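So this block is final.cif, mmCIF, C-alpha atoms; chains and numbers go by the auth columns:
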```
data_upload
loop_
_atom_site.group_PDB
_atom_site.id
_atom_site.type_symbol
_atom_site.label_atom_id
_atom_site.label_comp_id
_atom_site.label_asym_id
_atom_site.label_seq_id
_atom_site.Cartn_x
_atom_site.Cartn_y
_atom_site.Cartn_z
_atom_site.B_iso_or_equiv
_atom_site.auth_seq_id
_atom_site.auth_asym_id
ATOM 1 C CA LEU A 1 -14.343 13.899 9.430 0.00 1 A
ATOM 2 C CA ALA A 2 -15.337 13.593 5.771 0.00 2 A
ATOM 3 C CA VAL A 3 -13.652 15.266 2.791 0.00 3 A
ATOM 4 C CA THR A 4 -15.374 15.010 -0.596 0.00 4 A
ATOM 5 C CA ALA A 5 -14.230 16.556 -3.882 0.00 5 A
ATOM 6 C CA THR A 6 -15.870 15.810 -7.232 0.00 6 A
ATOM 7 C CA GLY A 7 -13.490 17.905 -9.337 0.00 7 A
ATOM 8 C CA HIS A 8 -9.730 18.104 -9.664 0.00 8 A
ATOM 9 C CA VAL A 9 -7.863 19.259 -6.547 0.00 9 A
ATOM 10 C CA THR A 10 -4.381 20.795 -6.789 0.00 10 A
ATOM 11 C CA GLY A 11 -1.832 21.920 -4.226 0.00 11 A
ATOM 12 C CA THR A 12 1.066 23.278 -6.252 0.00 12 A
ATOM 13 C CA SER A 13 3.743 23.429 -3.547 0.00 13 A
ATOM 14 C CA SER A 14 2.524 20.921 -0.963 0.00 14 A
ATOM 15 C CA TYR A 15 -0.632 18.778 -0.808 0.00 15 A
ATOM 16 C CA GLY A 16 -3.576 18.168 -3.063 0.00 16 A
ATOM 17 C CA VAL A 17 -5.678 16.934 -0.128 0.00 17 A
ATOM 18 C CA TYR A 18 -4.513 17.096 3.488 0.00 18 A
ATOM 19 C CA ALA A 19 -6.810 15.483 6.093 0.00 19 A
ATOM 20 C CA LEU A 20 -6.042 15.077 9.799 0.00 20 A
ATOM 21 C CA ASN A 21 -8.488 13.467 12.233 0.00 21 A
ATOM 22 C CA ALA A 22 -7.764 14.275 15.888 0.00 22 A
ATOM 23 C CA SER A 23 -8.072 11.814 18.763 0.00 23 A
ATOM 24 C CA SER A 24 -11.504 13.213 19.622 0.00 24 A
ATOM 25 C CA GLY A 25 -12.831 12.110 16.201 0.00 25 A
ATOM 26 C CA THR A 26 -14.157 8.815 14.894 0.00 26 A
ATOM 27 C CA ASP A 27 -13.985 7.944 11.161 0.00 27 A
ATOM 28 C CA LEU A 28 -11.866 9.774 8.586 0.00 28 A
ATOM 29 C CA THR A 29 -13.143 9.502 5.012 0.00 29 A
ATOM 30 C CA VAL A 30 -11.565 11.073 1.931 0.00 30 A
ATOM 31 C CA SER A 31 -13.371 10.771 -1.400 0.00 31 A
ATOM 32 C CA THR A 32 -11.966 12.500 -4.484 0.00 32 A
ATOM 33 C CA ALA A 33 -11.832 12.426 -8.224 0.00 33 A
ATOM 34 C CA SER A 34 -8.311 13.449 -9.306 0.00 34 A
ATOM 35 C CA ALA A 35 -5.756 15.171 -7.082 0.00 35 A
ATOM 36 C CA SER A 36 -2.195 16.422 -7.368 0.00 36 A
ATOM 37 C CA GLY A 37 0.308 17.931 -4.957 0.00 37 A
ATOM 38 C CA GLY A 38 3.842 19.239 -5.171 0.00 38 A
ATOM 39 C CA LEU A 39 4.729 16.957 -2.263 0.00 39 A
ATOM 40 C CA ILE A 40 1.788 14.565 -1.809 0.00 40 A
ATOM 41 C CA GLY A 41 -1.371 14.078 -3.825 0.00 41 A
ATOM 42 C CA ILE A 42 -3.500 12.848 -0.887 0.00 42 A
ATOM 43 C CA VAL A 43 -2.292 12.609 2.714 0.00 43 A
ATOM 44 C CA ALA A 44 -4.631 11.336 5.431 0.00 44 A
ATOM 45 C CA THR A 45 -3.744 10.769 9.084 0.00 45 A
ATOM 46 C CA ASN A 46 -6.169 9.265 11.570 0.00 46 A
ATOM 47 C CA TYR A 47 -5.813 9.545 15.331 0.00 47 A
ATOM 48 C CA GLY A 48 -9.538 8.953 15.846 0.00 48 A
ATOM 49 C CA SER A 49 -11.302 5.868 17.132 0.00 49 A
ATOM 50 C CA GLY A 50 -12.848 4.869 13.794 0.00 50 A
ATOM 51 C CA ALA A 51 -11.778 3.780 10.330 0.00 51 A
ATOM 52 C CA LEU A 52 -9.641 5.584 7.757 0.00 52 A
ATOM 53 C CA SER A 53 -10.884 5.358 4.181 0.00 53 A
ATOM 54 C CA ILE A 54 -9.504 6.924 0.987 0.00 54 A
ATOM 55 C CA ARG A 55 -11.289 6.581 -2.330 0.00 55 A
ATOM 56 C CA SER A 56 -10.114 8.226 -5.554 0.00 56 A
ATOM 57 C CA THR A 57 -11.703 7.661 -8.948 0.00 57 A
ATOM 58 C CA GLY A 58 -9.213 9.705 -10.978 0.00 58 A
ATOM 59 C CA ARG A 59 -5.469 10.121 -11.265 0.00 59 A
ATOM 60 C CA VAL A 60 -3.577 11.023 -8.072 0.00 60 A
ATOM 61 C CA THR A 61 -0.035 12.380 -8.310 0.00 61 A
ATOM 62 C CA GLY A 62 2.529 13.792 -5.901 0.00 62 A
ATOM 63 C CA GLY A 63 6.191 14.743 -5.991 0.00 63 A
ATOM 64 C CA ASN A 64 7.108 12.594 -2.975 0.00 64 A
ATOM 65 C CA TYR A 65 4.035 10.377 -2.517 0.00 65 A
ATOM 66 C CA GLY A 66 0.917 9.842 -4.562 0.00 66 A
ATOM 67 C CA ILE A 67 -1.172 8.658 -1.586 0.00 67 A
ATOM 68 C CA MET A 68 0.095 8.610 1.997 0.00 68 A
ATOM 69 C CA ALA A 69 -2.173 7.127 4.680 0.00 69 A
ATOM 70 C CA ASP A 70 -1.355 6.511 8.332 0.00 70 A
ATOM 71 C CA ASN A 71 -3.874 5.050 10.752 0.00 71 A
ATOM 72 C CA TYR A 72 -2.368 5.673 14.185 0.00 72 A
ATOM 73 C CA SER A 73 -5.305 4.292 16.134 0.00 73 A
ATOM 74 C CA GLY A 74 -8.845 3.411 15.151 0.00 74 A
ATOM 75 C CA THR A 75 -9.847 0.324 13.199 0.00 75 A
ATOM 76 C CA ASP A 76 -9.580 -0.375 9.448 0.00 76 A
ATOM 77 C CA LEU A 77 -7.477 1.390 6.821 0.00 77 A
ATOM 78 C CA THR A 78 -8.881 1.123 3.292 0.00 78 A
ATOM 79 C CA ILE A 79 -7.537 2.644 0.079 0.00 79 A
ATOM 80 C CA SER A 80 -9.406 2.302 -3.213 0.00 80 A
ATOM 81 C CA ALA A 81 -7.699 4.105 -6.075 0.00 81 A
ATOM 82 C CA ALA A 82 -7.505 4.300 -9.827 0.00 82 A
ATOM 83 C CA SER A 83 -4.153 5.558 -11.160 0.00 83 A
ATOM 84 C CA VAL A 84 -1.489 6.742 -8.677 0.00 84 A
ATOM 85 C CA SER A 85 2.049 8.043 -9.115 0.00 85 A
ATOM 86 C CA GLY A 86 4.666 9.768 -6.975 0.00 86 A
ATOM 87 C CA GLY A 87 8.192 9.326 -5.703 0.00 87 A
ATOM 88 C CA MET A 88 6.394 6.471 -3.932 0.00 88 A
ATOM 89 C CA GLY A 89 3.041 5.556 -5.404 0.00 89 A
ATOM 90 C CA ILE A 90 1.089 4.444 -2.306 0.00 90 A
ATOM 91 C CA TYR A 91 2.222 4.368 1.330 0.00 91 A
ATOM 92 C CA ALA A 92 -0.200 2.794 3.809 0.00 92 A
ATOM 93 C CA ARG A 93 0.455 1.962 7.444 0.00 93 A
ATOM 94 C CA ASN A 94 -2.158 0.602 9.811 0.00 94 A
ATOM 95 C CA ARG A 95 -1.454 0.847 13.537 0.00 95 A
ATOM 96 C CA GLY A 96 -5.147 0.326 14.319 0.00 96 A
ATOM 97 C CA THR A 97 -7.042 -2.787 15.339 0.00 97 A
ATOM 98 C CA GLY A 98 -8.620 -3.689 12.003 0.00 98 A
ATOM 99 C CA ASP A 99 -7.761 -4.676 8.437 0.00 99 A
ATOM 100 C CA LEU A 100 -5.518 -2.934 5.927 0.00 100 A
ATOM 101 C CA SER A 101 -6.763 -3.052 2.339 0.00 101 A
ATOM 102 C CA VAL A 102 -5.267 -1.452 -0.791 0.00 102 A
ATOM 103 C CA THR A 103 -6.977 -1.719 -4.185 0.00 103 A
ATOM 104 C CA ALA A 104 -5.872 0.011 -7.389 0.00 104 A
ATOM 105 C CA THR A 105 -7.671 -0.478 -10.688 0.00 105 A
ATOM 106 C CA GLY A 106 -5.139 1.509 -12.728 0.00 106 A
ATOM 107 C CA PRO A 107 -1.352 1.696 -12.865 0.00 107 A
ATOM 108 C CA VAL A 108 0.625 2.603 -9.743 0.00 108 A
ATOM 109 C CA ALA A 109 4.120 4.033 -10.119 0.00 109 A
ATOM 110 C CA GLY A 110 6.888 5.018 -7.725 0.00 110 A
ATOM 111 C CA THR A 111 9.358 7.092 -9.703 0.00 111 A
ATOM 112 C CA THR A 112 12.167 7.293 -7.095 0.00 112 A
ATOM 113 C CA MET A 113 11.107 4.809 -4.384 0.00 113 A
ATOM 114 C CA GLY A 114 8.701 1.887 -4.247 0.00 114 A
ATOM 115 C CA GLY A 115 5.419 1.431 -6.051 0.00 115 A
ATOM 116 C CA ILE A 116 3.318 0.326 -3.041 0.00 116 A
ATOM 117 C CA PHE A 117 4.384 0.030 0.592 0.00 117 A
ATOM 118 C CA THR A 118 2.032 -1.484 3.193 0.00 118 A
ATOM 119 C CA MET A 119 2.584 -2.224 6.860 0.00 119 A
ATOM 120 C CA ASN A 120 0.035 -3.802 9.176 0.00 120 A
ATOM 121 C CA ASP A 121 1.245 -3.463 12.767 0.00 121 A
ATOM 122 C CA SER A 122 0.833 -6.175 15.410 0.00 122 A
ATOM 123 C CA THR A 123 -2.418 -4.561 16.587 0.00 123 A
ATOM 124 C CA GLY A 124 -3.985 -5.130 13.166 0.00 124 A
ATOM 125 C CA GLU A 125 -5.625 -8.109 11.514 0.00 125 A
ATOM 126 C CA ASN A 126 -5.723 -8.891 7.761 0.00 126 A
ATOM 127 C CA LEU A 127 -3.671 -7.262 4.986 0.00 127 A
ATOM 128 C CA GLU A 128 -5.002 -7.411 1.430 0.00 128 A
ATOM 129 C CA ILE A 129 -3.569 -5.887 -1.760 0.00 129 A
ATOM 130 C CA THR A 130 -5.360 -6.107 -5.132 0.00 130 A
ATOM 131 C CA VAL A 131 -3.733 -4.284 -8.053 0.00 131 A
ATOM 132 C CA GLY A 132 -2.988 -4.262 -11.750 0.00 132 A
ATOM 133 C CA ASP A 133 0.268 -2.798 -13.085 0.00 133 A
ATOM 134 C CA VAL A 134 2.780 -1.589 -10.469 0.00 134 A
ATOM 135 C CA THR A 135 6.226 -0.123 -11.060 0.00 135 A
ATOM 136 C CA GLY A 136 8.782 1.110 -8.551 0.00 136 A
ATOM 137 C CA ALA A 137 12.284 2.513 -8.899 0.00 137 A
ATOM 138 C CA THR A 138 13.321 0.264 -5.998 0.00 138 A
ATOM 139 C CA TYR A 139 10.570 -2.325 -5.397 0.00 139 A
ATOM 140 C CA GLY A 140 7.170 -2.888 -6.926 0.00 140 A
ATOM 141 C CA ILE A 141 5.148 -4.052 -3.889 0.00 141 A
ATOM 142 C CA ASP A 142 6.244 -4.387 -0.266 0.00 142 A
ATOM 143 C CA ALA A 143 3.629 -6.103 1.927 0.00 143 A
ATOM 144 C CA ASN A 144 4.410 -6.555 5.614 0.00 144 A
ATOM 145 C CA ASN A 145 1.745 -8.117 7.813 0.00 145 A
ATOM 146 C CA ARG A 146 2.596 -8.218 11.501 0.00 146 A
ATOM 147 C CA GLY A 147 -1.085 -8.492 12.352 0.00 147 A
ATOM 148 C CA THR A 148 -2.980 -11.526 13.566 0.00 148 A
ATOM 149 C CA GLY A 149 -4.772 -12.283 10.305 0.00 149 A
ATOM 150 C CA ALA A 150 -4.062 -13.311 6.726 0.00 150 A
ATOM 151 C CA LEU A 151 -1.903 -11.687 4.063 0.00 151 A
ATOM 152 C CA SER A 152 -3.116 -11.656 0.465 0.00 152 A
ATOM 153 C CA VAL A 153 -1.422 -10.065 -2.566 0.00 153 A
ATOM 154 C CA THR A 154 -3.133 -10.283 -5.958 0.00 154 A
ATOM 155 C CA SER A 155 -1.693 -8.617 -9.053 0.00 155 A
ATOM 156 C CA THR A 156 -3.313 -9.030 -12.456 0.00 156 A
ATOM 157 C CA GLY A 157 -0.840 -6.827 -14.347 0.00 157 A
ATOM 158 C CA ALA A 158 2.929 -6.539 -14.552 0.00 158 A
ATOM 159 C CA VAL A 159 4.778 -5.764 -11.310 0.00 159 A
ATOM 160 C CA THR A 160 8.289 -4.350 -11.626 0.00 160 A
ATOM 161 C CA GLY A 161 10.903 -3.332 -9.084 0.00 161 A
ATOM 162 C CA ILE A 162 13.759 -1.833 -11.034 0.00 162 A
ATOM 163 C CA SER A 163 16.637 -2.011 -8.530 0.00 163 A
ATOM 164 C CA ARG A 164 15.382 -4.347 -5.775 0.00 164 A
ATOM 165 C CA TYR A 165 12.484 -6.787 -5.964 0.00 165 A
ATOM 166 C CA GLY A 166 9.211 -7.055 -7.798 0.00 166 A
ATOM 167 C CA ILE A 167 7.195 -8.252 -4.789 0.00 167 A
ATOM 168 C CA ARG A 168 8.353 -8.668 -1.222 0.00 168 A
ATOM 169 C CA ALA A 169 5.945 -10.072 1.366 0.00 169 A
ATOM 170 C CA ASP A 170 6.462 -10.889 5.053 0.00 170 A
ATOM 171 C CA SER A 171 3.723 -12.405 7.194 0.00 171 A
ATOM 172 C CA PHE A 172 3.494 -13.067 10.922 0.00 172 A
ATOM 173 C CA GLY A 173 -0.241 -13.834 10.970 0.00 173 A
ATOM 174 C CA THR A 174 -2.182 -16.781 9.580 0.00 174 A
ATOM 175 C CA ASN A 175 -2.565 -17.701 5.888 0.00 175 A
ATOM 176 C CA MET A 176 -0.374 -16.135 3.208 0.00 176 A
ATOM 177 C CA THR A 177 -1.524 -16.048 -0.424 0.00 177 A
ATOM 178 C CA ILE A 178 0.360 -14.534 -3.372 0.00 178 A
ATOM 179 C CA SER A 179 -1.236 -14.574 -6.840 0.00 179 A
ATOM 180 C CA THR A 180 0.513 -12.763 -9.697 0.00 180 A
ATOM 181 C CA ALA A 181 0.889 -12.345 -13.406 0.00 181 A
ATOM 182 C CA ALA A 182 4.314 -11.170 -14.653 0.00 182 A
ATOM 183 C CA VAL A 183 6.822 -10.009 -12.006 0.00 183 A
ATOM 184 C CA SER A 184 10.388 -8.743 -12.370 0.00 184 A
ATOM 185 C CA GLY A 185 12.987 -7.352 -9.998 0.00 185 A
ATOM 186 C CA GLY A 186 16.492 -5.993 -10.308 0.00 186 A
ATOM 187 C CA PHE A 187 17.452 -8.256 -7.411 0.00 187 A
ATOM 188 C CA ASP A 188 14.640 -10.758 -6.739 0.00 188 A
ATOM 189 C CA GLY A 189 11.439 -11.303 -8.665 0.00 189 A
ATOM 190 C CA ILE A 190 9.322 -12.460 -5.707 0.00 190 A
ATOM 191 C CA PHE A 191 10.765 -12.653 -2.202 0.00 191 A
ATOM 192 C CA VAL A 192 8.526 -13.989 0.578 0.00 192 A
ATOM 193 C CA LYS A 193 8.920 -14.945 4.228 0.00 193 A
ATOM 194 C CA ASN A 194 6.111 -16.682 6.072 0.00 194 A
ATOM 195 C CA PHE A 195 6.477 -16.614 9.840 0.00 195 A
ATOM 196 C CA GLY A 196 2.769 -17.192 10.377 0.00 196 A
ATOM 197 C CA SER A 197 0.743 -20.128 11.615 0.00 197 A
ATOM 198 C CA GLY A 198 -1.363 -20.766 8.527 0.00 198 A
ATOM 199 C CA THR A 199 -0.934 -22.104 4.995 0.00 199 A
ATOM 200 C CA PHE A 200 1.219 -20.552 2.275 0.00 200 A
ATOM 201 C CA SER A 201 0.279 -20.419 -1.410 0.00 201 A
ATOM 202 C CA LEU A 202 2.069 -18.756 -4.347 0.00 202 A
ATOM 203 C CA THR A 203 0.654 -18.844 -7.872 0.00 203 A
ATOM 204 C CA SER A 204 2.007 -17.014 -10.910 0.00 204 A
ATOM 205 C CA THR A 205 0.496 -17.088 -14.388 0.00 205 A
ATOM 206 C CA GLY A 206 3.217 -14.945 -16.003 0.00 206 A
ATOM 207 C CA HIS A 207 6.972 -14.784 -16.294 0.00 207 A
ATOM 208 C CA VAL A 208 8.838 -14.148 -13.013 0.00 208 A
ATOM 209 C CA ALA A 209 12.415 -12.881 -13.256 0.00 209 A
ATOM 210 C CA GLY A 210 15.134 -11.579 -10.945 0.00 210 A
ATOM 211 C CA VAL A 211 18.888 -11.130 -11.240 0.00 211 A
ATOM 212 C CA ARG A 212 19.535 -13.197 -8.082 0.00 212 A
ATOM 213 C CA THR A 213 16.405 -15.352 -7.901 0.00 213 A
ATOM 214 C CA GLY A 214 13.079 -15.496 -9.650 0.00 214 A
ATOM 215 C CA ILE A 215 11.139 -16.737 -6.607 0.00 215 A
#
```
Spell out the structure here as structure tokens.
Amino acid sequence: LAVTATGHVTGTSSYGVYALNASSGTDLTVSTASASGGLIGIVATNYGSGALSIRSTGRVTGGNYGIMADNYSGTDLTISAASVSGGMGIYARNRGTGDLSVTATGPVAGTTMGGIFTMNDSTGENLEITVGDVTGATYGIDANNRGTGALSVTSTGAVTGISRYGIRADSFGTNMTISTAAVSGGFDGIFVKNFGSGTFSLTSTGHVAGVRTGI
């Protein structure tokens, strides 16, 4: 199933783009410019045997979620976005057998919840997040890798979690790599737990601040 829109897409009361791939399908691909929805800007759910991919080149906004992606089966889950905002900016959960990747070239904002939430289930492999500025009312970035592979979080802009933490990362796989610029949290700046079997590396080039702990 492929959904392509080159102009602005609006769903005033509910969804800008709603895409559901049944179990009889393979890949689910959503490619848009800008999109907005009263509830969710882009929502994509994959029950098929293939990959789930969302690509947006313009601004995506939603009342509850900017982008919401759930890969219930299949392989990889990939999100490539520009600017995203919603109650939660980006929600991505991969229950498939492949990698989970989230990239945002513009600012991501969660106005009432988190900026970016990612969960790679135990059936998955690698989890990779590459972003610029991220702001969340609770947390900035929450990265949870229960897959068998590596976890990587790279932020080149400011990451802010107003009431909780700037970045939280939990890994049960192999290597864990966190690379940031400035990070701030109302509770912790950066909070990480590495339960995996590989190496751990954390590098920050900017100021990291939290009320309880910085890192």
(request) I need the residue set behind the PyMOL selection byres ((chain A and resi 146-161) around 7) for this file; please write it as a PyMOL selection string. (result) chain A and resi 120-140+144-145+162-166+171-186
(request) Can you work out the spacing between CA of Gly110 in chain A and CA of Gly87 in chain A in Å, to one decimal? (result) 4.9 Å
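Going from CA of Ala104 in chain A to CA of Ala81 in chain A covers 4.7 Å.
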(request) For range 56-67 of chain A, please output as a list in words all residues within 7 Å (counting all atoms listed in the file; exclusion window: fewer than 6 positions along the same chain). (result) Ser31, Thr32, Ala33, Ser34, Ala35, Ser36, Gly37, Gly38, Leu39, Ile40, Gly41, Ile42, Val43, Ser80, Ala81, Ala82, Ser83, Val84, Ser85, Gly86, Gly87, Met88, Gly89, Ile90 and Tyr91 of chain A
Around the point (3.7, 2.0, 2.2) (coordinates from the file), which residues reach within 7 Å if we count only C-alpha atoms? Answer as a JSON list (two decimals) with C-alpha atoms, in the frame of the given file.
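result24.json written:
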```json
[["chain", "number", "residue", "atom", "x", "y", "z"],
["A", 90, "ILE", "CA", 1.09, 4.44, -2.31],
["A", 91, "TYR", "CA", 2.22, 4.37, 1.33],
["A", 92, "ALA", "CA", -0.20, 2.79, 3.81],
["A", 93, "ARG", "CA", 0.46, 1.96, 7.44],
["A", 116, "ILE", "CA", 3.32, 0.33, -3.04],
["A", 117, "PHE", "CA", 4.38, 0.03, 0.59],
["A", 118, "THR", "CA", 2.03, -1.48, 3.19],
["A", 119, "MET", "CA", 2.58, -2.22, 6.86]]
```
How would you write, as a CSV table (one decimal) with C-alpha atoms, in the frame of the given file, the residues chosen by the PyMOL selection byres ((chain A and resi 211-213) around 8) on this structure?
```csv
chain,number,residue,atom,x,y,z
A,185,GLY,CA,13.0,-7.4,-10.0
A,186,GLY,CA,16.5,-6.0,-10.3
A,187,PHE,CA,17.5,-8.3,-7.4
A,188,ASP,CA,14.6,-10.8,-6.7
A,189,GLY,CA,11.4,-11.3,-8.7
A,190,ILE,CA,9.3,-12.5,-5.7
A,209,ALA,CA,12.4,-12.9,-13.3
A,210,GLY,CA,15.1,-11.6,-10.9
A,214,GLY,CA,13.1,-15.5,-9.6
A,215,ILE,CA,11.1,-16.7,-6.6
```
(message) Using only C-alpha atoms for the distances, tell me which of A:Thr6, A:Ser13, A:Pro107, A:Gly96 is nearest to Gly48 in chain A.
(response) A:Gly96
(message) Within 9 Å of (-14.7, 8.9, 13.0) in the file's own coordinates, which protein, DNA or RNA residues have an atom, counting only C-alpha atoms? List them as a list in words.
(response) Leu1, Ala2, Asn21, Ser24, Gly25, Thr26, Asp27, Leu28, Thr29, Asn46, Gly48, Ser49, Gly50, Ala51, Leu52 and Gly74 of chain A
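Across the model, the gap from CA of Val17 in chain A to CA of Asp70 in chain A is 14.1 Å.
Among the candidates A:Val108, A:Gly206, A:Asn94, A:His8, the one nearest to Ala44 in chain A when counting all atoms listed in the file is A:Asn94.
Closest approach to Tyr72 in chain A among A:Ser23, A:Thr111, A:Thr4, A:Ser101: A:Ser23, based on all atoms listed in the file.
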Complete the atoms of range 149-157 of chain A to all heavy atoms and put them out as a CSV table (one decimal), in the frame of the given file.
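The result, written out as part_27.csv:
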```
chain,number,residue,atom,x,y,z
A,149,GLY,N,-4.0,-11.6,11.3
A,149,GLY,CA,-4.8,-12.3,10.3
A,149,GLY,C,-4.0,-12.7,9.1
A,149,GLY,O,-2.8,-12.9,9.2
A,150,ALA,N,-4.6,-12.8,8.0
A,150,ALA,CA,-4.1,-13.3,6.7
A,150,ALA,C,-3.5,-12.2,5.9
A,150,ALA,O,-3.8,-11.0,6.0
A,150,ALA,CB,-5.1,-14.0,5.9
A,151,LEU,N,-2.5,-12.6,5.0
A,151,LEU,CA,-1.9,-11.7,4.1
A,151,LEU,C,-2.2,-12.2,2.7
A,151,LEU,O,-2.0,-13.4,2.4
A,151,LEU,CB,-0.4,-11.6,4.2
A,151,LEU,CG,0.4,-11.0,3.1
A,151,LEU,CD1,0.0,-9.5,2.9
A,151,LEU,CD2,1.9,-11.1,3.4
A,152,SER,N,-2.8,-11.3,1.8
A,152,SER,CA,-3.1,-11.7,0.5
A,152,SER,C,-2.6,-10.6,-0.5
A,152,SER,O,-2.9,-9.4,-0.3
A,152,SER,CB,-4.6,-11.8,0.3
A,152,SER,OG,-5.0,-12.0,-1.0
A,153,VAL,N,-1.9,-11.0,-1.5
A,153,VAL,CA,-1.4,-10.1,-2.6
A,153,VAL,C,-1.9,-10.6,-3.9
A,153,VAL,O,-1.5,-11.8,-4.3
A,153,VAL,CB,0.1,-9.9,-2.6
A,153,VAL,CG1,0.5,-9.0,-3.7
A,153,VAL,CG2,0.6,-9.3,-1.2
A,154,THR,N,-2.7,-9.9,-4.6
A,154,THR,CA,-3.1,-10.3,-6.0
A,154,THR,C,-2.8,-9.2,-7.0
A,154,THR,O,-3.2,-8.0,-6.8
A,154,THR,CB,-4.7,-10.5,-6.0
A,154,THR,OG1,-5.0,-11.5,-5.0
A,154,THR,CG2,-5.1,-11.0,-7.3
A,155,SER,N,-2.0,-9.6,-8.0
A,155,SER,CA,-1.7,-8.6,-9.1
A,155,SER,C,-2.1,-9.2,-10.4
A,155,SER,O,-1.6,-10.3,-10.7
A,155,SER,CB,-0.2,-8.3,-9.0
A,155,SER,OG,0.6,-9.4,-9.2
A,156,THR,N,-2.9,-8.5,-11.2
A,156,THR,CA,-3.3,-9.0,-12.5
A,156,THR,C,-2.5,-8.4,-13.6
A,156,THR,O,-2.7,-8.9,-14.7
A,156,THR,CB,-4.8,-8.7,-12.7
A,156,THR,OG1,-5.0,-7.3,-12.5
A,156,THR,CG2,-5.7,-9.4,-11.6
A,157,GLY,N,-1.7,-7.4,-13.3
A,157,GLY,CA,-0.8,-6.8,-14.3
A,157,GLY,C,0.6,-7.1,-14.1
A,157,GLY,O,1.0,-7.9,-13.2
```
